[in-house]
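Undergrad: Below are the structure tokens for one structure; questions will follow.
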Amino acid sequence: MIVIKEVLTAQQIDHFNHVMAKQEWVDGSVTGGSQSNTVKKNQQLPADSAIVRGLEDTVLAALAKHPMFISAALPLKIFPPMFNRYGIGETYGVHVDNAIRIPPGSSARIRTDLSATLFLTEPDQYDGGELVIEDHYGSQPVKLAAGDLILYPSTTLHQVTPITRGERTCAVFWVQSMVRNTEYRKILFDLDQTVQSLTSQHGHEHHDVMRLSGIYHNLIRQWTDT
Ligand code: NI
């Protein structure tokens, strides 16, 4: 489970909230899959307008140039972000995400290795509305600053607790990683972060830094599917 900070700037967040407030929201249970629909009580932006596609593209462009996201997710395919809103009393009960998702208007299949929530509302603007992720260490409540993103394995059970004050908007999406195995992905992330840190201390032409970087790329060759 990794927090990716500052995916969107404060100006982008303002723009998003300004644009989203003027859109027509629909019942969120139109997407989600049969198992999750019974527990999903939120609103969603229909993906069929140029304005919403513009927001999606902004998120995807921000992800594409965020080194921490690339390092952690090693993305092969990304399901276009969906924009969700939770008002008072709205919630998304405990569920699992569908293993395979097909983006609207496409025949491509995306295997959900990683789930992501990009927070678009500052945490002091609402109460409740925590993303609670159940992993082997227990339940982890997550509530991040607007613009920050949580990336977590799609194999987990998770929920969004009911809102008791204010309103929470977020973008959610899924990633099919080039590295399907979560443990391998974790090792690659640690190794990449170590190489980055050693590079900043010694420069990338340092012989051992170069060797370690070579090991990273050799593991990528072993473990990726593209
Ligand atoms: Ni989910």
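Letters A, B, ... mark the chains of the structure tokens in the order given; residue numbers begin at 1 per chain; ligand numbers begin at 1, in order shown.
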When DSSP works through the backbone of this structure, what residues of range 3-37 of chain A end up as alpha helix (DSSP H), shown as a PyMOL selection string?
TA: chain A and resi 10-21+34-37
Undergrad: Which residues form the shell of 8 Å around ligand 1 when you count only C-alpha atoms and all ligand atoms, given as a ChimeraX atom specification?
TA: /A:32,36,95-97,115,154,157-159
Undergrad: Do you know which residues are at most 10 Å from Thr226 in chain A counting only C-alpha atoms, after dropping those on the same chain fewer than 6 positions away, and could you put them as an MDAnalysis selection string?
TA: chainID A and resid 75:77 177:179
Undergrad: For the residues selected in the previous step, produce a file with N, CA and C atoms as an mmCIF file, in the first residue's frame.
TA:
data_model
loop_
_atom_site.group_PDB
_atom_site.id
_atom_site.type_symbol
_atom_site.label_atom_id
_atom_site.label_comp_id
_atom_site.auth_asym_id
_atom_site.auth_seq_id
_atom_site.Cartn_x
_atom_site.Cartn_y
_atom_site.Cartn_z
ATOM 1 N N PRO A 75 2.949 0.411 -14.570
ATOM 2 C CA PRO A 75 1.666 0.218 -15.261
ATOM 3 C C PRO A 75 1.805 -0.296 -16.690
ATOM 4 N N LEU A 76 0.945 -1.225 -17.040
ATOM 5 C CA LEU A 76 0.819 -1.660 -18.429
ATOM 6 C C LEU A 76 -0.420 -1.007 -19.031
ATOM 7 N N LYS A 77 -1.555 -1.125 -18.302
ATOM 8 C CA LYS A 77 -2.805 -0.494 -18.744
ATOM 9 C C LYS A 77 -3.463 0.167 -17.541
ATOM 10 N N SER A 177 -0.664 -4.091 -13.969
ATOM 11 C CA SER A 177 0.777 -3.844 -13.898
ATOM 12 C C SER A 177 1.528 -4.756 -14.864
ATOM 13 N N MET A 178 2.689 -4.294 -15.312
ATOM 14 C CA MET A 178 3.574 -5.173 -16.088
ATOM 15 C C MET A 178 4.060 -6.326 -15.230
ATOM 16 N N VAL A 179 4.015 -6.120 -13.891
ATOM 17 C CA VAL A 179 4.440 -7.160 -12.948
ATOM 18 C C VAL A 179 3.223 -7.581 -12.138
#
Undergrad: Using only C-alpha atoms, which residue out of A:Glu122, A:Asp57, A:Glu183, A:Glu24 lies closest to Thr169 in chain A?
TA: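 Under the stated criterion, the closest residue is A:Glu122.
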Undergrad: Could you give me, as a PyMOL selection string, the residues within 8 Å of range 186-198 of chain A, counting only C-alpha atoms and dropping anything in the same chain fewer than 4 positions from it?
TA: chain A and resi 71-72+182+202-203+209+212-213+216+219-220
Undergrad: Among range 128-168 of chain A, which ones does DSSP place in strand (DSSP E or B), written as a VMD selection string?
TA: chain A and resid 128 131 to 135 138 to 142 149 to 153 157 to 160 163 to 166 168
Undergrad: Which is closest to Thr164 in chain A among A:Asn84, A:Gln125, A:Ser29, A:Asn218, if we use only C-alpha atoms?
TA: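 Using only C-alpha atoms, the shortest distance to Thr164 in chain A belongs to A:Gln125.
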Undergrad: Write out as a compact mmCIF listing (two decimals) with C-alpha atoms, in the first residue's frame each polymer residue whose atoms come within 8 Å of Asp113 in chain A, counting only C-alpha atoms; drop sequence neighbours fewer than 5 positions from it.
TA:
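Output file selection_32.txt is given in full below:
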# COMPACT_ATOMS: atom_id res chain seq x y z
CA ALA A 99 -10.83 -8.87 -11.43
CA PRO A 153 -3.61 -4.33 -4.12
CA SER A 154 -6.98 -5.02 -5.77
CA THR A 155 -7.04 -8.36 -3.95
CA TRP A 174 -7.36 0.43 -11.71
CA VAL A 175 -3.97 -0.58 -13.00
CA GLN A 176 -2.89 -3.71 -14.79
CA SER A 177 0.78 -3.84 -13.90
CA ARG A 180 1.47 -9.22 -11.83
Undergrad: Report as a PyMOL selection string all protein, DNA and RNA residues lying within 8 Å of Leu45 in chain A, evaluated on only C-alpha atoms, omitting residues in the same chain fewer than 6 positions from it.
TA: chain A and resi 23-26+52+82-84
Undergrad: What lies within 7 Å of Arg109 in chain A using only C-alpha atoms, ignoring chain neighbours under 5 positions off, as a PyMOL selection string?
TA: chain A and resi 100-102
Undergrad: Could you write out that same residue set with N, CA, C and O atoms as a PDB file, in the first residue's frame?
TA:
ATOM      1  N   ILE A 100     -11.567  -8.276 -13.637  1.00  0.00           N
ATOM      2  CA  ILE A 100     -11.393  -7.791 -15.010  1.00  0.00           C
ATOM      3  C   ILE A 100     -12.357  -6.632 -15.232  1.00  0.00           C
ATOM      4  O   ILE A 100     -13.534  -6.736 -14.883  1.00  0.00           O
ATOM      5  N   ARG A 101     -11.858  -5.561 -15.821  1.00  0.00           N
ATOM      6  CA  ARG A 101     -12.739  -4.436 -16.139  1.00  0.00           C
ATOM      7  C   ARG A 101     -12.563  -4.057 -17.598  1.00  0.00           C
ATOM      8  O   ARG A 101     -11.459  -4.141 -18.139  1.00  0.00           O
ATOM      9  N   ILE A 102     -13.663  -3.654 -18.207  1.00  0.00           N
ATOM     10  CA  ILE A 102     -13.639  -3.245 -19.606  1.00  0.00           C
ATOM     11  C   ILE A 102     -14.015  -1.767 -19.667  1.00  0.00           C
ATOM     12  O   ILE A 102     -15.123  -1.400 -19.293  1.00  0.00           O
TER      13      ILE A 102
END
Undergrad: Mind pulling up the distance from CA of Arg211 in chain A to CA of Lys65 in chain A?
TA: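 That distance, rounded to one decimal, is 25.4 Å.
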Undergrad: I'd like the interatomic distance between CA of Lys143 in chain A and CA of Ile70 in chain A, to a tenth of an Å.
TA: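 Between these atoms lies a distance of 22.0 Å.
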Undergrad: Between range 131-176 of chain A and range 11-17 of chain A, at 10 Å or less, what are the per-residue closest atom pairs and their distances in Å? Count only C-alpha atoms, order by chain and rising residue number, and return it as CSV.
TA:
residue,atom,partner,partner_atom,distance
A:Ala146,CA,A:Ile13,CA,7.0
A:Gly147,CA,A:Ile13,CA,6.6
A:Thr169,CA,A:Asn17,CA,8.3
A:Cys170,CA,A:Asn17,CA,10.0
